[in-house]
Structures are given as structure tokens and as C-alpha cells.
Amino acid sequence: MTNHPKQFTKFITITTFTKLLFNITRRLIYPFAPEFARGLNVDLSAITSVIAVNQATSLLGPVGAGFADKYGYKILMLVSLGMLTIGTFAVGLIPVYSVLVISLFLAGFAKSIFDPSLQAFIGNFVPFEKRGQIIGITELAWAGSTLVGIPIAGIIIERFSWQAPFFIISGLSLVCFFIILKIMPKDIKSAQASKTRTPMISNWKTIIKDKKVLGILSFVFFMSLANDNLFVIYGAWLEQSYNLSLAAIGFGTVFIGLSEILGEGCTVFFSDRIGLKKSVIIGVSLCTMAYFLLPVLNVGLGYVLAGLFLVFFTFEFTIVSSMSLSTELIPELRASTMSAFFATAGIGRVAGAFLGGIIWSNYGLLAICLISGFCTFAALICLIIGFYQNKSITY
């Protein structure tokens, strides 16, 4: 496919937009959690629990990714798009708490299949020395969800209802389904991969025996826990401390989106040049310091937004670089390895979502930032231990 640059560019464009839809669906509930709670007549803790359940779907990603390694990435990507379409349409049509839980679970599960399948597909087509750049481009969709998707959603929710964005996402995901069906080529299976069509249990045994993989999985667990511990409460924080409206909170996320797109842009342009492993170590070190700095900046909205900018910039640069690094740890089991990456990240995000609501209610912002900072430092230690005996590796 890389022999046909125009076709490959179209494919990366549509899959990046598709990831944007998945990411908006996942992140939509964070800044507007109080509005969702009011609309459904439930407590805020019930909404943060939905966030945790949505993140827990990452644990099921290895099931789909195992089939992707065996049967092909295209079919799994299309199935996941169908699930997103159905899930978002259902929650828009039936504004009931139980339907929200089920629908977001379905959409979250779909994302946990789509992401590793896409990255494994890219791993098959793109040389390793350019992989940080291409994966970094697709991950611009994560920043786009906060830079564009959440602000627009805030306006739509304020003018219509909290269900309205789900109808729009459902329609756009259906369009993406048919475009990908048409332009995505058949999967290329290397000879090595063809010989390793083993059961998923065997794949996992292979993965967990690798010290580097265990290091990166422990790393992403602590990184994700730290990030969601803060992210799950930032909407309530801005609303309560600075009296922001729904639209203002939505546009406040523009700063987060800008930070993430800058982090992803740095991954695209610098991570391959610096070296992926060095990039991750530099990023996680800076991210640790950013969490500890955040309480000091809680003296005004401008300072707070600057602090959030720094946190999410360093986090995004680190996590996207680590994704690119992970694609080459066990090349013949890329989808399984990446699904393990996302599953472990999901466990961390579930823990962070549950802890964030509890810690915020009982101990406040300082405790949130301290826990996130120490967890990020633990991620750095895990990474160093995992790669310690592999000095010859030049990732």
C-alpha cells in the first residue's frame, strides 16, 4: 500500500477521522459529567462509574485483536465501526441510564478492537524508522477530540440536549464504515506471521515472557491511572472552582486539545530522530513534574489552563511514543501486543476513574495531583527496569 502514496494517504486520513469519532465518544462524558448526571437524574458518582466501565472494555480488546492477528485487521476494524454506530445511535435514541451504560460499553469495546488492529496494520506496511511518524499522525485524532469535538459537543448539548452529539457520531461512523470497506486493501501477512497463527492463549504466553513487554505494560498502567485520576474530575473542578458554563468548559478543553496536538506533533517530528525509548523516558520525567506543579498553579483560570496544557502535552508525547515503541517488541504478534498495551492502559484508566471521583470528593485537588505524580514516577521506574538489560536495543 505504501507503493501507492495517494491511496495510503486517503486510508490514513479516513482512519484518523474514524479514530476521532471513537475518541469523542469516549471523552465526551468527562467534561460534561455533571450535565449527564442532571439529564439522567443520577448522582455524579454514577457517571464516573460509567467512565470506568467504558475504560474496562479495553480488557476485552485482546479477544478481538487475537482474531485480528489470525483472520485479518480489516474485518475487525469494520466490525468495530458497526458496533460504534449501533451503540451511539442507541444512547441518543433512548436517554436512560442503563442504556447509556450498555451503549458506551459497546462503543468502548469497539474502540479497543479498532485501535490495535489499525496500528498492527500500519506496522505491517510502514518501516519501523517511520512508524513513530505515521502512528503519531493517526493519534492526532486524540487531540482533535478535545480541540474540535468537545467544544462543538458543548455547543450542541447547550442548544439541544446531551443526546444530540451521539446521533451525529452514529451517522458519521456509518459513512466511515463504507469508505473503509471500499479503500482498505487486504491484509499483508508475512511468512513469519503466517507460521504463528496459534491460539490466543499461546500468544499471551509469548507476550508475558518478554521482559520489555512487561515493562511497557506496567508503564502504561501507571501512566493511564495517573491521567484518568485527574481527567475524570477536571470538568467538575472547572465548574465548581471557576463557575464555567457547559460551553465554556467545552472551549476550555481547547487548551488540552492544543497541548495534545503539540505532543503528538512532537512525536511525529522528533521521536524517531531522538529514539523512541529516549523519547518515552524524557516525556514521562517531564510529565511527573507537571503533575506536582499543578496545585501550585491553582490560583486562577489562566494558570490552571496552563498547568493542564503542560500535563497533557507531556502525557501525549510520552504515550504516543510508547505506542510506536510497542509495535516492534514482538513483530509477529503486533495486534496481540498492542491489544495487551491498550488492555493494561484500560485497567489503569478504570482504576483512575474510580479513584479520581472518590479522592476528589474526600481529599480535593492536592491529593489528586500527588497521586497522579507518584504513579507517573512509578511508570518511569517500570520502564527502566523492563529495558535495563537491553542496552543493545536502539529503539
# chains A, B, ... in the order shown; residues from 1 in each chain; ligands from 1
>>> residues_around(residues="Leu308 in chain A", least_positions_apart="2", cutoff="9 Å", atoms="only C-alpha atoms", output="list in words")
Phe255, Ile256, Ser259, Ala290, Tyr291, Leu294, Tyr303, Val304, Leu305, Ala306, Leu310, Val311, Phe312 and Phe313 of chain A
>>> write_last_selection(atoms="C-alpha atoms", output="PDB file, in the first residue's frame")
ATOM      1  CA  PHE A 255      -6.165  24.155  25.683  1.00  0.00           C
ATOM      2  CA  ILE A 256      -5.990  20.444  26.416  1.00  0.00           C
ATOM      3  CA  SER A 259      -1.397  20.523  24.246  1.00  0.00           C
ATOM      4  CA  ALA A 290       3.901  18.629  35.589  1.00  0.00           C
ATOM      5  CA  TYR A 291       1.510  16.816  37.936  1.00  0.00           C
ATOM      6  CA  LEU A 294      -0.432  21.720  39.012  1.00  0.00           C
ATOM      7  CA  TYR A 303      -2.709  29.410  35.375  1.00  0.00           C
ATOM      8  CA  VAL A 304      -4.854  26.285  35.671  1.00  0.00           C
ATOM      9  CA  LEU A 305      -5.260  26.006  31.910  1.00  0.00           C
ATOM     10  CA  ALA A 306      -1.505  26.460  31.501  1.00  0.00           C
ATOM     11  CA  LEU A 310       1.706  21.085  30.357  1.00  0.00           C
ATOM     12  CA  VAL A 311       0.299  17.874  31.858  1.00  0.00           C
ATOM     13  CA  PHE A 312      -1.471  16.735  28.712  1.00  0.00           C
ATOM     14  CA  PHE A 313       1.347  17.799  26.379  1.00  0.00           C
TER      15      PHE A 313
END
>>> atom_distance(atom1="CA of Gly144 in chain A", atom2="CA of Phe32 in chain A")
17.2 Å
>>> residues_around(residues="Ile359 in chain A", least_positions_apart="4", cutoff="12 Å", atoms="only C-alpha atoms", output="mmCIF file with N, CA and C atoms, in the first residue's frame")
data_model
loop_
_atom_site.group_PDB
_atom_site.id
_atom_site.type_symbol
_atom_site.label_atom_id
_atom_site.label_comp_id
_atom_site.auth_asym_id
_atom_site.auth_seq_id
_atom_site.Cartn_x
_atom_site.Cartn_y
_atom_site.Cartn_z
ATOM 1 N N SER A 45 -21.355 10.419 40.866
ATOM 2 C CA SER A 45 -20.580 9.186 41.027
ATOM 3 C C SER A 45 -21.062 8.094 40.077
ATOM 4 N N ASN A 229 -7.116 9.710 36.719
ATOM 5 C CA ASN A 229 -7.332 10.192 38.075
ATOM 6 C C ASN A 229 -7.574 11.697 38.078
ATOM 7 N N LEU A 230 -6.878 12.413 37.197
ATOM 8 C CA LEU A 230 -7.079 13.850 37.047
ATOM 9 C C LEU A 230 -8.199 14.172 36.068
ATOM 10 N N VAL A 232 -10.846 12.657 35.069
ATOM 11 C CA VAL A 232 -12.228 12.345 35.403
ATOM 12 C C VAL A 232 -12.884 13.443 36.232
ATOM 13 N N ILE A 233 -12.083 14.304 36.848
ATOM 14 C CA ILE A 233 -12.661 15.332 37.727
ATOM 15 C C ILE A 233 -12.424 16.757 37.227
ATOM 16 N N ALA A 351 -9.032 2.109 37.114
ATOM 17 C CA ALA A 351 -8.599 2.418 38.479
ATOM 18 C C ALA A 351 -8.571 3.926 38.715
ATOM 19 N N GLY A 352 -8.060 4.671 37.728
ATOM 20 C CA GLY A 352 -8.002 6.119 37.859
ATOM 21 C C GLY A 352 -9.373 6.757 37.921
ATOM 22 N N ALA A 353 -10.316 6.257 37.099
ATOM 23 C CA ALA A 353 -11.671 6.811 37.085
ATOM 24 C C ALA A 353 -12.382 6.588 38.420
ATOM 25 N N PHE A 354 -12.235 5.378 38.970
ATOM 26 C CA PHE A 354 -12.842 5.096 40.268
ATOM 27 C C PHE A 354 -12.188 5.921 41.380
ATOM 28 N N LEU A 355 -10.848 5.956 41.387
ATOM 29 C CA LEU A 355 -10.145 6.662 42.433
ATOM 30 C C LEU A 355 -10.361 8.174 42.355
ATOM 31 N N TYR A 363 -10.785 14.386 49.450
ATOM 32 C CA TYR A 363 -9.499 14.995 49.782
ATOM 33 C C TYR A 363 -9.135 16.201 48.916
ATOM 34 N N GLY A 364 -9.788 16.366 47.764
ATOM 35 C CA GLY A 364 -9.551 17.549 46.954
ATOM 36 C C GLY A 364 -8.431 17.433 45.940
ATOM 37 N N LEU A 365 -8.088 18.574 45.369
ATOM 38 C CA LEU A 365 -7.172 18.622 44.228
ATOM 39 C C LEU A 365 -5.749 18.201 44.580
ATOM 40 N N LEU A 366 -5.249 18.618 45.727
ATOM 41 C CA LEU A 366 -3.863 18.314 46.078
ATOM 42 C C LEU A 366 -3.605 16.815 46.079
ATOM 43 N N ALA A 367 -4.515 16.058 46.678
ATOM 44 C CA ALA A 367 -4.356 14.602 46.714
ATOM 45 C C ALA A 367 -4.400 14.012 45.308
ATOM 46 N N ILE A 368 -5.282 14.545 44.465
ATOM 47 C CA ILE A 368 -5.366 14.083 43.075
ATOM 48 C C ILE A 368 -4.013 14.239 42.391
ATOM 49 N N CYS A 369 -3.416 15.406 42.507
ATOM 50 C CA CYS A 369 -2.161 15.691 41.805
ATOM 51 C C CYS A 369 -0.988 14.894 42.374
ATOM 52 N N LEU A 370 -0.960 14.727 43.692
ATOM 53 C CA LEU A 370 0.126 13.964 44.300
ATOM 54 C C LEU A 370 0.073 12.499 43.866
ATOM 55 N N ILE A 371 -1.113 11.919 43.879
ATOM 56 C CA ILE A 371 -1.246 10.516 43.469
ATOM 57 C C ILE A 371 -0.882 10.353 41.995
ATOM 58 N N SER A 372 -1.343 11.276 41.149
ATOM 59 C CA SER A 372 -1.006 11.200 39.723
ATOM 60 C C SER A 372 0.495 11.346 39.506
#
>>> closest_residue(among="A:Ile282, A:Ala226, A:Leu59, A:Ala110", to="Ile86 in chain A", atoms="only C-alpha atoms")
A:Ala110
>>> residues_around(residues="Lys10 in chain A", least_positions_apart="3", cutoff="10 Å", atoms="only C-alpha atoms", output="MDAnalysis selection string")
chainID A and resid 5:7 13:16 179:180 183:184
>>> write_last_selection(atoms="C-alpha atoms", output="mmCIF file, in the first residue's frame")
data_model
loop_
_atom_site.group_PDB
_atom_site.id
_atom_site.type_symbol
_atom_site.label_atom_id
_atom_site.label_comp_id
_atom_site.auth_asym_id
_atom_site.auth_seq_id
_atom_site.Cartn_x
_atom_site.Cartn_y
_atom_site.Cartn_z
ATOM 1 C CA PRO A 5 1.122 7.078 -1.728
ATOM 2 C CA LYS A 6 -2.222 8.641 -2.679
ATOM 3 C CA GLN A 7 -4.188 5.553 -1.645
ATOM 4 C CA THR A 13 -6.981 10.272 6.562
ATOM 5 C CA ILE A 14 -10.205 8.286 6.894
ATOM 6 C CA THR A 15 -8.910 6.069 9.688
ATOM 7 C CA THR A 16 -7.684 9.132 11.587
ATOM 8 C CA ILE A 179 -15.394 4.294 2.926
ATOM 9 C CA ILE A 180 -13.018 1.923 4.737
ATOM 10 C CA ILE A 183 -10.495 1.704 0.066
ATOM 11 C CA MET A 184 -8.750 -0.507 2.631
#
>>> residues_around(residues="Phe377 in chain A", least_positions_apart="2", cutoff="10 Å", atoms="only C-alpha atoms", output="number ranges by chain")
A: 219, 222-223, 226, 284-289, 371-375, 379-382
>>> write_last_selection(atoms="C-alpha atoms", output="CSV table (one decimal), in the first residue's frame")
chain,number,residue,atom,x,y,z
A,219,PHE,CA,4.5,1.6,32.5
A,222,PHE,CA,0.6,3.7,35.9
A,223,MET,CA,0.6,6.4,33.2
A,226,ALA,CA,-2.5,8.9,36.8
A,284,VAL,CA,7.5,10.6,31.4
A,285,SER,CA,10.0,12.5,33.5
A,286,LEU,CA,8.5,15.8,32.4
A,287,CYS,CA,5.0,14.6,33.0
A,288,THR,CA,5.8,13.6,36.6
A,289,MET,CA,7.0,17.2,37.3
A,371,ILE,CA,-1.2,10.5,43.5
A,372,SER,CA,-1.0,11.2,39.7
A,373,GLY,CA,2.6,12.4,40.1
A,374,PHE,CA,3.8,9.4,42.1
A,375,CYS,CA,2.0,7.0,39.8
A,379,ALA,CA,5.7,4.3,35.4
A,380,LEU,CA,9.3,5.6,34.8
A,381,ILE,CA,10.7,3.0,37.1
A,382,CYS,CA,8.8,0.2,35.4
>>> residues_around(residues="Val254 in chain A", least_positions_apart="6", cutoff="8 Å", atoms="only C-alpha atoms", output="list in words")
Thr146, Leu147, Val148 and Pro151 of chain A
>>> closest_residue(among="A:Ile155, A:Ala248, A:Leu258, A:Leu81", to="Phe177 in chain A", atoms="only C-alpha atoms")
A:Leu81
